[in-house]
>>> print(open('structure-v8.txt').read())   # compact mmCIF, C-alpha atoms
# COMPACT_ATOMS: atom_id res chain seq x y z
CA SER A 1 -16.95 7.98 -85.75
CA SER A 2 -13.81 7.42 -87.88
CA ASP A 3 -10.19 6.62 -87.26
CA LEU A 4 -9.50 10.31 -86.58
CA ILE A 5 -12.66 11.60 -84.90
CA SER A 6 -15.03 10.02 -82.42
CA LEU A 7 -18.24 11.48 -81.05
CA GLU A 8 -20.36 10.30 -78.16
CA GLY A 9 -23.30 11.77 -76.34
CA GLY A 10 -26.05 10.89 -73.96
CA TYR A 11 -29.16 12.07 -72.19
CA PHE A 12 -29.60 11.31 -68.51
CA ARG A 13 -32.63 11.57 -66.27
CA ARG A 14 -32.55 10.64 -62.61
CA THR A 15 -35.53 10.80 -60.29
CA PHE A 16 -35.29 10.35 -56.54
CA GLY A 17 -38.40 9.28 -54.69
CA HIS A 18 -39.48 7.94 -51.32
CA GLN A 19 -37.82 10.81 -49.49
CA THR A 20 -37.74 10.70 -45.70
CA VAL A 21 -38.45 13.48 -43.18
CA THR A 22 -38.08 13.88 -39.44
CA ASN A 23 -41.38 14.41 -37.65
CA ASN A 24 -41.67 15.72 -34.09
CA LEU A 25 -44.72 13.86 -32.79
CA ASP A 26 -45.39 16.53 -30.14
CA ILE A 27 -45.71 19.39 -32.64
CA THR A 28 -48.01 20.08 -35.58
CA PRO A 29 -48.13 23.02 -38.01
CA ALA A 30 -50.99 24.43 -35.90
CA ASP A 31 -48.50 25.03 -33.09
CA PHE A 32 -46.79 27.79 -35.10
CA THR A 33 -47.79 31.37 -35.78
CA THR A 34 -47.03 32.59 -39.27
CA PHE A 35 -46.12 36.21 -39.94
CA CYS A 36 -44.58 38.64 -42.42
CA ILE A 37 -41.70 41.10 -42.46
CA THR A 38 -40.40 43.77 -44.80
CA THR A 39 -37.07 42.79 -46.33
CA PRO A 40 -34.17 45.20 -45.85
CA THR A 41 -33.59 47.82 -48.50
CA ASP A 42 -30.49 47.09 -50.55
CA PRO A 43 -29.93 47.90 -54.24
CA ASN A 44 -28.10 44.58 -54.70
CA LEU A 45 -31.25 42.73 -53.64
CA GLY A 46 -33.14 43.76 -56.78
CA LYS A 47 -36.92 43.47 -56.80
CA ALA A 48 -36.94 41.84 -53.35
CA SER A 49 -35.50 45.00 -51.77
CA GLY A 50 -38.01 46.52 -49.35
CA SER A 51 -40.76 44.04 -50.32
CA GLN A 52 -43.04 42.13 -47.99
CA LEU A 53 -41.96 38.58 -47.17
CA CYS A 54 -44.59 36.26 -45.71
CA GLY A 55 -44.56 32.62 -44.71
CA LEU A 56 -42.24 32.92 -41.72
CA ALA A 57 -43.26 30.95 -38.64
CA ASP A 58 -42.49 30.96 -34.93
CA ILE A 59 -43.48 28.24 -32.50
CA ASN A 60 -46.09 29.11 -29.90
CA PRO A 61 -44.49 29.70 -26.46
CA ALA A 62 -46.58 26.98 -24.80
CA LYS A 63 -44.98 24.33 -27.00
CA VAL A 64 -41.34 25.20 -26.39
CA ALA A 65 -40.86 23.07 -23.27
CA LEU A 66 -42.28 19.89 -24.78
CA THR A 67 -39.97 16.90 -25.11
CA ASN A 68 -38.99 16.10 -28.68
CA HIS A 69 -40.38 12.75 -29.82
CA GLN A 70 -38.86 12.51 -33.26
CA GLN A 71 -39.75 9.94 -35.86
CA ILE A 72 -38.20 9.39 -39.27
CA THR A 73 -40.86 8.56 -41.82
CA PHE A 74 -41.67 8.96 -45.49
CA ALA A 75 -42.50 12.42 -46.82
CA ASN A 76 -45.49 11.09 -48.77
CA ASN A 77 -47.27 10.59 -45.44
CA PHE A 78 -47.77 14.36 -45.34
CA ALA A 79 -49.43 16.92 -47.56
CA GLY A 80 -47.15 18.58 -50.08
CA GLN A 81 -44.80 17.25 -52.72
CA THR A 82 -41.26 16.04 -52.13
CA SER A 83 -39.22 15.05 -55.16
CA GLN A 84 -35.95 15.58 -56.98
CA THR A 85 -35.34 15.16 -60.72
CA TYR A 86 -32.19 15.69 -62.77
CA ASP A 87 -32.11 16.11 -66.55
CA GLY A 88 -28.82 16.42 -68.39
CA PHE A 89 -27.02 16.07 -71.70
CA ASP A 90 -23.38 15.13 -72.29
CA LEU A 91 -21.42 15.42 -75.53
CA ASN A 92 -17.76 14.49 -76.06
CA VAL A 93 -15.52 14.74 -79.13
CA ASN A 94 -12.11 13.12 -79.55
CA ALA A 95 -10.16 14.23 -82.63
CA ARG A 96 -6.67 13.43 -83.90
CA PRO A 97 -6.42 15.23 -87.27
CA THR A 98 -2.69 14.50 -87.55
CA ARG A 99 -0.13 12.37 -85.78
CA ARG A 100 1.14 15.45 -83.99
CA PHE A 101 -2.11 17.18 -83.04
CA PHE A 102 -4.90 15.98 -80.74
CA LEU A 103 -8.07 17.66 -79.52
CA LEU A 104 -10.66 16.72 -76.89
CA ALA A 105 -13.86 18.64 -76.32
CA GLY A 106 -16.87 18.08 -74.13
CA LEU A 107 -19.93 19.76 -72.76
CA SER A 108 -22.33 18.85 -70.01
CA ILE A 109 -25.65 20.64 -69.58
CA GLY A 110 -28.13 19.81 -66.87
CA ARG A 111 -30.42 20.97 -64.13
CA THR A 112 -32.05 19.66 -60.98
CA ILE A 113 -35.62 20.42 -59.99
CA ALA A 114 -36.27 19.77 -56.30
CA LYS A 115 -39.40 20.12 -54.21
CA ASN A 116 -39.22 19.82 -50.44
CA CYS A 117 -42.75 20.95 -49.73
CA ALA A 118 -44.04 18.34 -47.31
CA VAL A 119 -45.86 20.06 -44.43
CA VAL A 120 -44.41 18.18 -41.45
CA ASP A 121 -43.98 20.44 -38.38
CA ASN A 122 -42.84 23.97 -39.13
CA PRO A 123 -44.88 25.61 -41.91
CA GLN A 124 -41.91 27.88 -42.66
CA SER A 125 -40.45 24.91 -44.51
CA LEU A 126 -42.84 25.87 -47.33
CA LEU A 127 -40.98 29.15 -47.85
CA PHE A 128 -39.29 28.79 -51.25
CA CYS A 129 -39.61 25.01 -50.92
CA ALA A 130 -39.48 24.50 -54.70
CA SER A 131 -36.07 24.82 -56.34
CA ASP A 132 -36.16 25.21 -60.12
CA GLN A 133 -32.57 25.28 -61.35
CA PRO A 134 -32.02 26.67 -64.85
CA PHE A 135 -30.09 24.61 -67.37
CA GLN A 136 -26.39 25.35 -66.94
CA GLY A 137 -23.56 24.15 -69.11
CA SER A 138 -19.97 23.18 -68.40
CA TYR A 139 -17.60 23.26 -71.35
CA ARG A 140 -14.07 21.94 -71.71
CA VAL A 141 -11.62 21.89 -74.60
CA SER A 142 -8.14 20.43 -74.33
CA GLY A 143 -5.51 19.69 -76.90
CA GLY A 144 -1.87 19.55 -77.69
CA TYR A 145 0.71 19.61 -80.45
CA ASN A 146 3.89 17.57 -80.54
CA PHE A 147 6.69 19.59 -82.07
CA PRO A 148 9.97 18.13 -83.23
CA TRP A 149 12.74 18.00 -80.63
CA LYS A 150 10.34 16.03 -78.34
CA LEU A 151 8.57 19.21 -77.28
CA GLN A 152 4.83 19.31 -76.60
CA LEU A 153 2.56 22.32 -76.09
CA SER A 154 -0.82 21.52 -74.55
CA GLY A 155 -3.63 23.47 -72.98
CA VAL A 156 -7.06 23.32 -71.43
CA TYR A 157 -9.95 25.76 -71.67
CA GLN A 158 -12.79 25.22 -69.26
CA SER A 159 -15.97 27.14 -68.62
CA ILE A 160 -17.68 26.35 -65.33
CA PRO A 161 -21.21 27.65 -64.65
CA PRO A 162 -21.71 30.17 -61.87
CA ALA A 163 -22.63 28.99 -58.41
CA SER A 164 -25.91 30.15 -56.93
CA PHE A 165 -26.30 31.71 -53.51
CA GLN A 166 -29.45 32.59 -51.60
CA PRO A 167 -29.59 35.88 -49.67
CA THR A 168 -30.69 35.40 -46.06
CA ASP A 169 -31.74 37.63 -43.20
CA THR A 170 -31.82 37.45 -39.41
CA VAL A 171 -35.35 38.19 -38.23
CA SER A 172 -36.02 39.65 -34.79
CA ALA A 173 -38.78 41.60 -33.01
CA THR A 174 -37.28 44.82 -34.40
CA SER A 175 -37.34 43.69 -38.05
CA PRO A 176 -39.18 46.21 -40.26
CA GLY A 177 -42.84 45.43 -40.91
CA ILE A 178 -42.99 42.39 -38.61
CA THR A 179 -46.58 41.24 -38.02
CA LEU A 180 -46.01 38.56 -35.38
CA GLY A 181 -47.45 40.67 -32.55
CA ARG A 182 -45.23 39.14 -29.87
CA PRO A 183 -41.52 38.50 -29.25
CA ILE A 184 -39.91 35.66 -31.17
CA VAL A 185 -39.55 32.68 -28.83
CA GLU A 186 -35.83 32.11 -29.49
CA GLY A 187 -35.15 35.82 -29.80
CA SER A 188 -34.54 35.65 -33.55
CA LEU A 189 -34.83 33.49 -36.64
CA THR A 190 -31.52 33.01 -38.45
CA ASN A 191 -30.70 32.21 -42.06
CA VAL A 192 -34.17 33.09 -43.32
CA PRO A 193 -34.14 33.07 -47.15
CA VAL A 194 -35.60 36.21 -48.70
CA VAL A 195 -35.64 35.14 -52.38
CA ALA A 196 -36.19 31.90 -54.24
CA PRO A 197 -33.23 29.61 -54.97
CA TYR A 198 -31.31 30.25 -58.20
CA THR A 199 -32.16 33.95 -58.22
CA PHE A 200 -28.62 35.12 -57.44
CA PHE A 201 -25.43 33.77 -59.00
CA THR A 202 -21.72 34.40 -58.79
CA ASP A 203 -19.59 34.65 -61.96
CA ARG A 204 -19.01 32.02 -64.61
CA VAL A 205 -15.42 30.78 -64.49
CA ASN A 206 -13.59 30.83 -67.85
CA GLN A 207 -10.04 29.59 -67.40
CA VAL A 208 -7.15 28.69 -69.68
CA ASP A 209 -4.22 26.55 -68.48
CA LEU A 210 -1.13 25.86 -70.55
CA ARG A 211 1.70 23.33 -70.33
CA VAL A 212 5.02 22.92 -72.12
CA THR A 213 6.66 19.50 -71.83
CA LYS A 214 10.19 18.61 -72.88
CA THR A 215 11.01 14.91 -73.07
CA ILE A 216 14.63 13.82 -72.67
CA PRO A 217 15.41 10.15 -73.43
CA ILE A 218 17.90 8.56 -71.06
CA GLU A 219 19.77 5.41 -72.02
CA THR A 220 22.68 4.02 -70.06
CA ALA A 221 24.04 0.58 -69.41
CA ARG A 222 21.87 0.31 -66.31
CA VAL A 223 18.91 2.60 -66.93
CA LYS A 224 16.61 3.12 -69.87
CA GLY A 225 13.85 5.65 -69.50
CA ARG A 226 12.85 9.24 -70.08
CA LEU A 227 12.82 12.48 -68.16
CA GLU A 228 9.93 14.90 -68.69
CA LEU A 229 10.36 18.53 -67.70
CA MET A 230 7.12 20.50 -67.42
CA VAL A 231 6.22 24.16 -67.12
CA ASP A 232 2.56 24.84 -66.24
CA LEU A 233 0.85 28.21 -66.48
CA TYR A 234 -2.46 28.26 -64.65
CA ASN A 235 -5.15 30.87 -65.35
CA ALA A 236 -3.06 32.13 -68.25
CA PHE A 237 -5.21 35.22 -68.87
CA ASN A 238 -5.30 36.11 -65.17
CA THR A 239 -9.10 36.31 -65.00
CA SER A 240 -10.68 37.07 -61.63
CA PRO A 241 -14.31 35.91 -61.52
CA VAL A 242 -16.07 36.07 -58.17
CA LEU A 243 -16.52 32.58 -56.70
CA THR A 244 -18.44 33.39 -53.50
CA ARG A 245 -20.27 36.38 -52.05
CA THR A 246 -21.65 37.29 -48.64
CA ALA A 247 -25.26 36.08 -48.57
CA LEU A 248 -26.32 37.51 -45.19
CA LEU A 249 -28.14 40.81 -45.52
CA GLY A 250 -26.36 43.64 -43.78
CA PRO A 251 -23.49 46.05 -44.40
CA GLY A 252 -21.37 43.35 -46.08
CA PHE A 253 -24.10 41.84 -48.23
CA TYR A 254 -23.05 40.88 -51.77
CA ALA A 255 -19.39 41.61 -51.07
CA PRO A 256 -17.04 39.11 -52.77
CA THR A 257 -15.46 36.68 -50.32
CA SER A 258 -13.30 34.74 -52.80
CA ILE A 259 -12.15 35.02 -56.40
CA LEU A 260 -10.31 32.71 -58.77
CA GLN A 261 -6.63 32.41 -57.95
CA SER A 262 -4.48 34.68 -60.08
CA ALA A 263 -2.13 33.34 -62.74
CA PHE A 264 0.86 31.36 -61.49
CA VAL A 265 3.61 29.16 -62.87
CA LYS A 266 4.44 25.66 -61.66
CA LEU A 267 7.60 23.76 -62.52
CA GLY A 268 7.66 19.98 -62.42
CA GLY A 269 9.35 16.86 -63.64
CA ARG A 270 8.73 13.16 -64.05
CA PHE A 271 11.19 10.34 -64.54
CA THR A 272 9.90 7.11 -66.08
CA PHE A 273 11.96 3.97 -66.34
>>> encode(input="structure-v8.txt", output="structure tokens")
Amino acid sequence: SSDLISLEGGYFRRTFGHQTVTNNLDITPADFTTFCITTPTDPNLGKASGSQLCGLADINPAKVALTNHQQITFANNFAGQTSQTYDGFDLNVNARPTRRFFLLAGLSIGRTIAKNCAVVDNPQSLLFCASDQPFQGSYRVSGGYNFPWKLQLSGVYQSIPPASFQPTDTVSATSPGITLGRPIVEGSLTNVPVVAPYTFFTDRVNQVDLRVTKTIPIETARVKGRLELMVDLYNAFNTSPVLTRTALLGPGFYAPTSILQSAFVKLGGRFTF
């Protein structure tokens, strides 16, 4: 670093172990019947559209009336791996090339790999139990310039990685290609994932916000301070990335449910004395 520019960075790795699970002592994986279905046909579903999905499980009817005797214990008491690991990099730059101009920039890139594959009670918990997140980066640049006349123009550009969502289906006795051979005990299985995590994403958010600040010194016999008048313009380029989509398969699947708020102006002030 120097008097005008500083640079800092770091690598981070966090591992979480000794995970706990809830075990119903009256039920074992042998008390479930596993089966397959054919996923609904939808062009937005990609390769998973109309494919066979196996690994679903329904409890045997004779076990439904049993009293739950639940016990919280460690996941490593059961077969299957349970772990969570985060790897990430951070980099930040602080620059002041002149007395009037300043610039801050930073990026953060990381991912989390999680495995919740302990076979405790329901074997359906093994369905897409491993979550392998790709590396995703967040970027941010902010800066400002102090003009004469006590006027400052500043702004922020930020790029936020897209959120992931996992398409799900409601499985019933009438689901296409079902191989269970009997009615589902509870009538249906809800929120059944049909693809692996981090297969589907919304849009990356790229947003620019601007601010103009006018500082007015105030000096009287009783008060000495300053008044700052601010005009903020949010989402200056009026971008409209999709933030969330409908994940449940059906007529509304993949439809956007929220987008980034459109551009708007905010007026504000601050008096310091």
>>> residues_around(input="structure-v8.txt", residues="Asp121 of chain A", least_positions_apart="2", cutoff="8 Å", atoms="all atoms listed in the file", output="PyMOL selection string")
chain A and resi 23-24+27-29+119+123
>>> closest_residue(input="structure-v8.txt", among="A:Lys63, A:Arg111, A:Arg13, A:Lys47", to="Asp26 of chain A", atoms="all atoms listed in the file")
A:Lys63
>>> atom_distance(input="structure-v8.txt", atom1="atom CA of Val21 of chain A", atom2="atom CA of Tyr86 of chain A")
20.7 Å
>>> closest_residue(input="structure-v8.txt", among="A:Thr239, A:Phe32, A:Ala65, A:Thr41", to="Pro251 of chain A", atoms="all atoms listed in the file")
A:Thr41
>>> residues_around(input="structure-v8.txt", residues="segment 150-164 of chain A", least_positions_apart="4", cutoff="6 Å", atoms="only C-alpha atoms", output="MDAnalysis selection string")
chainID A and resid 138:146 198 200:215
>>> atom_distance(input="structure-v8.txt", atom1="atom CA of Asp169 of chain A", atom2="atom CA of Pro193 of chain A")
6.5 Å
>>> residues_around(input="structure-v8.txt", residues="Gly50 of chain A", least_positions_apart="5", cutoff="6 Å", atoms="only C-alpha atoms", output="JSON, numbers by chain")
{"A": [38, 39, 40, 41]}
>>> atom_distance(input="structure-v8.txt", atom1="atom CA of Gly252 of chain A", atom2="atom CA of Ser175 of chain A")
17.9 Å
>>> closest_residue(input="structure-v8.txt", among="A:Leu45, A:Val120, A:Ala57, A:Ala114", to="Ala79 of chain A", atoms="only C-alpha atoms")
A:Val120
>>> residues_around(input="structure-v8.txt", residues="Phe74 of chain A", least_positions_apart="6", cutoff="9 Å", atoms="all atoms listed in the file", output="compact mmCIF listing (two decimals) with C-alpha atoms, in the frame of the given file")
# COMPACT_ATOMS: atom_id res chain seq x y z
CA HIS A 18 -39.48 7.94 -51.32
CA GLN A 19 -37.82 10.81 -49.49
CA THR A 20 -37.74 10.70 -45.70
CA VAL A 21 -38.45 13.48 -43.18
CA THR A 22 -38.08 13.88 -39.44
>>> closest_residue(input="structure-v8.txt", among="A:Ile113, A:Val64, A:Leu104, A:Leu4", to="Phe16 of chain A", atoms="all atoms listed in the file")
A:Ile113
>>> residues_around(input="structure-v8.txt", residues="Val93 of chain A", least_positions_apart="3", cutoff="10 Å", atoms="only C-alpha atoms", output="list in words")
Ser1, Ile5, Ser6, Leu7, Glu8, Gly9, Leu103, Leu104, Ala105, Gly106, Leu107 and Val141 of chain A
>>> closest_residue(input="structure-v8.txt", among="A:Gln81, A:Asn68, A:Thr33, A:Gln124", to="Leu53 of chain A", atoms="all atoms listed in the file")
A:Gln124
>>> closest_residue(input="structure-v8.txt", among="A:Glu228, A:Asp90, A:Asp58, A:Glu219", to="Glu186 of chain A", atoms="all atoms listed in the file")
A:Asp58
>>> residues_near_point(input="structure-v8.txt", point="(-40.2, 43.8, -39.2)", cutoff="12 Å", atoms="all atoms listed in the file", output="PyMOL selection string")
chain A and resi 35-40+50-54+56+169-184+188-189
>>> axis_aligned_box(input="structure-v8.txt", around="segment 229-239 of chain A", padding_each_side="3 Å", output="AutoDock Vina command-line options")
--center_x 0.6 --center_y 27.4 --center_z -66.8 --size_x 25.5 --size_y 23.8 --size_z 10.2
>>> build_atoms(input="structure-v8.txt", residues="segment 70-104 of chain A", atoms="N, CA and C atoms", output="compact mmCIF listing (two decimals), keeping the file's coordinate frame")
# COMPACT_ATOMS: atom_id res chain seq x y z
N GLN A 70 -39.10 12.43 -31.83
CA GLN A 70 -38.86 12.51 -33.26
C GLN A 70 -38.99 11.14 -33.91
N GLN A 71 -39.53 11.16 -35.10
CA GLN A 71 -39.75 9.94 -35.86
C GLN A 71 -39.34 10.19 -37.31
N ILE A 72 -38.56 9.29 -37.86
CA ILE A 72 -38.20 9.39 -39.27
C ILE A 72 -39.21 8.56 -40.07
N THR A 73 -39.82 9.22 -41.03
CA THR A 73 -40.86 8.56 -41.82
C THR A 73 -40.80 9.08 -43.25
N PHE A 74 -41.67 8.56 -44.09
CA PHE A 74 -41.67 8.96 -45.49
C PHE A 74 -42.42 10.27 -45.67
N ALA A 75 -41.90 11.11 -46.58
CA ALA A 75 -42.50 12.42 -46.82
C ALA A 75 -43.89 12.30 -47.41
N ASN A 76 -44.18 11.21 -48.14
CA ASN A 76 -45.49 11.09 -48.77
C ASN A 76 -46.60 10.81 -47.76
N ASN A 77 -46.24 10.70 -46.47
CA ASN A 77 -47.27 10.59 -45.44
C ASN A 77 -47.87 11.95 -45.09
N PHE A 78 -47.32 13.01 -45.66
CA PHE A 78 -47.77 14.36 -45.34
C PHE A 78 -48.21 15.07 -46.61
N ALA A 79 -49.00 16.11 -46.42
CA ALA A 79 -49.43 16.92 -47.56
C ALA A 79 -48.22 17.66 -48.13
N GLY A 80 -48.25 17.88 -49.43
CA GLY A 80 -47.15 18.58 -50.08
C GLY A 80 -46.24 17.61 -50.81
N GLN A 81 -45.62 18.10 -51.85
CA GLN A 81 -44.80 17.25 -52.72
C GLN A 81 -43.34 17.30 -52.32
N THR A 82 -42.69 16.15 -52.37
CA THR A 82 -41.26 16.04 -52.13
C THR A 82 -40.66 15.18 -53.22
N SER A 83 -39.80 15.78 -54.04
CA SER A 83 -39.22 15.05 -55.16
C SER A 83 -37.94 15.74 -55.61
N GLN A 84 -37.18 15.03 -56.40
CA GLN A 84 -35.95 15.58 -56.98
C GLN A 84 -35.70 14.89 -58.32
N THR A 85 -35.54 15.69 -59.37
CA THR A 85 -35.34 15.16 -60.72
C THR A 85 -34.21 15.89 -61.40
N TYR A 86 -33.31 15.12 -62.01
CA TYR A 86 -32.19 15.69 -62.77
C TYR A 86 -32.35 15.33 -64.24
N ASP A 87 -32.16 16.32 -65.10
CA ASP A 87 -32.11 16.11 -66.55
C ASP A 87 -30.81 16.69 -67.06
N GLY A 88 -30.09 15.92 -67.89
CA GLY A 88 -28.82 16.42 -68.39
C GLY A 88 -28.42 15.80 -69.71
N PHE A 89 -27.55 16.52 -70.42
CA PHE A 89 -27.02 16.07 -71.70
C PHE A 89 -25.50 16.14 -71.65
N ASP A 90 -24.84 15.15 -72.17
CA ASP A 90 -23.38 15.13 -72.29
C ASP A 90 -22.99 14.90 -73.74
N LEU A 91 -21.94 15.60 -74.18
CA LEU A 91 -21.42 15.42 -75.53
C LEU A 91 -19.91 15.51 -75.47
N ASN A 92 -19.21 14.53 -76.07
CA ASN A 92 -17.76 14.49 -76.06
C ASN A 92 -17.23 14.20 -77.46
N VAL A 93 -16.16 14.91 -77.83
CA VAL A 93 -15.52 14.74 -79.13
C VAL A 93 -14.04 14.46 -78.89
N ASN A 94 -13.52 13.46 -79.60
CA ASN A 94 -12.11 13.12 -79.55
C ASN A 94 -11.58 13.15 -80.98
N ALA A 95 -10.65 14.06 -81.26
CA ALA A 95 -10.16 14.23 -82.63
C ALA A 95 -8.64 14.18 -82.65
N ARG A 96 -8.12 13.48 -83.65
CA ARG A 96 -6.67 13.43 -83.90
C ARG A 96 -6.44 13.67 -85.40
N PRO A 97 -6.54 14.93 -85.83
CA PRO A 97 -6.42 15.23 -87.27
C PRO A 97 -5.09 14.81 -87.87
N THR A 98 -4.00 14.90 -87.08
CA THR A 98 -2.69 14.50 -87.55
C THR A 98 -2.01 13.69 -86.47
N ARG A 99 -0.87 13.15 -86.78
CA ARG A 99 -0.13 12.37 -85.78
C ARG A 99 0.41 13.26 -84.68
N ARG A 100 0.56 14.54 -84.97
CA ARG A 100 1.14 15.45 -83.99
C ARG A 100 0.10 16.22 -83.17
N PHE A 101 -1.11 16.31 -83.66
CA PHE A 101 -2.11 17.18 -83.04
C PHE A 101 -3.28 16.34 -82.53
N PHE A 102 -3.73 16.65 -81.30
CA PHE A 102 -4.90 15.98 -80.74
C PHE A 102 -5.80 17.02 -80.08
N LEU A 103 -7.09 16.72 -80.06
CA LEU A 103 -8.07 17.66 -79.52
C LEU A 103 -9.19 16.88 -78.85
N LEU A 104 -9.54 17.30 -77.65
CA LEU A 104 -10.66 16.72 -76.89
C LEU A 104 -11.60 17.85 -76.51
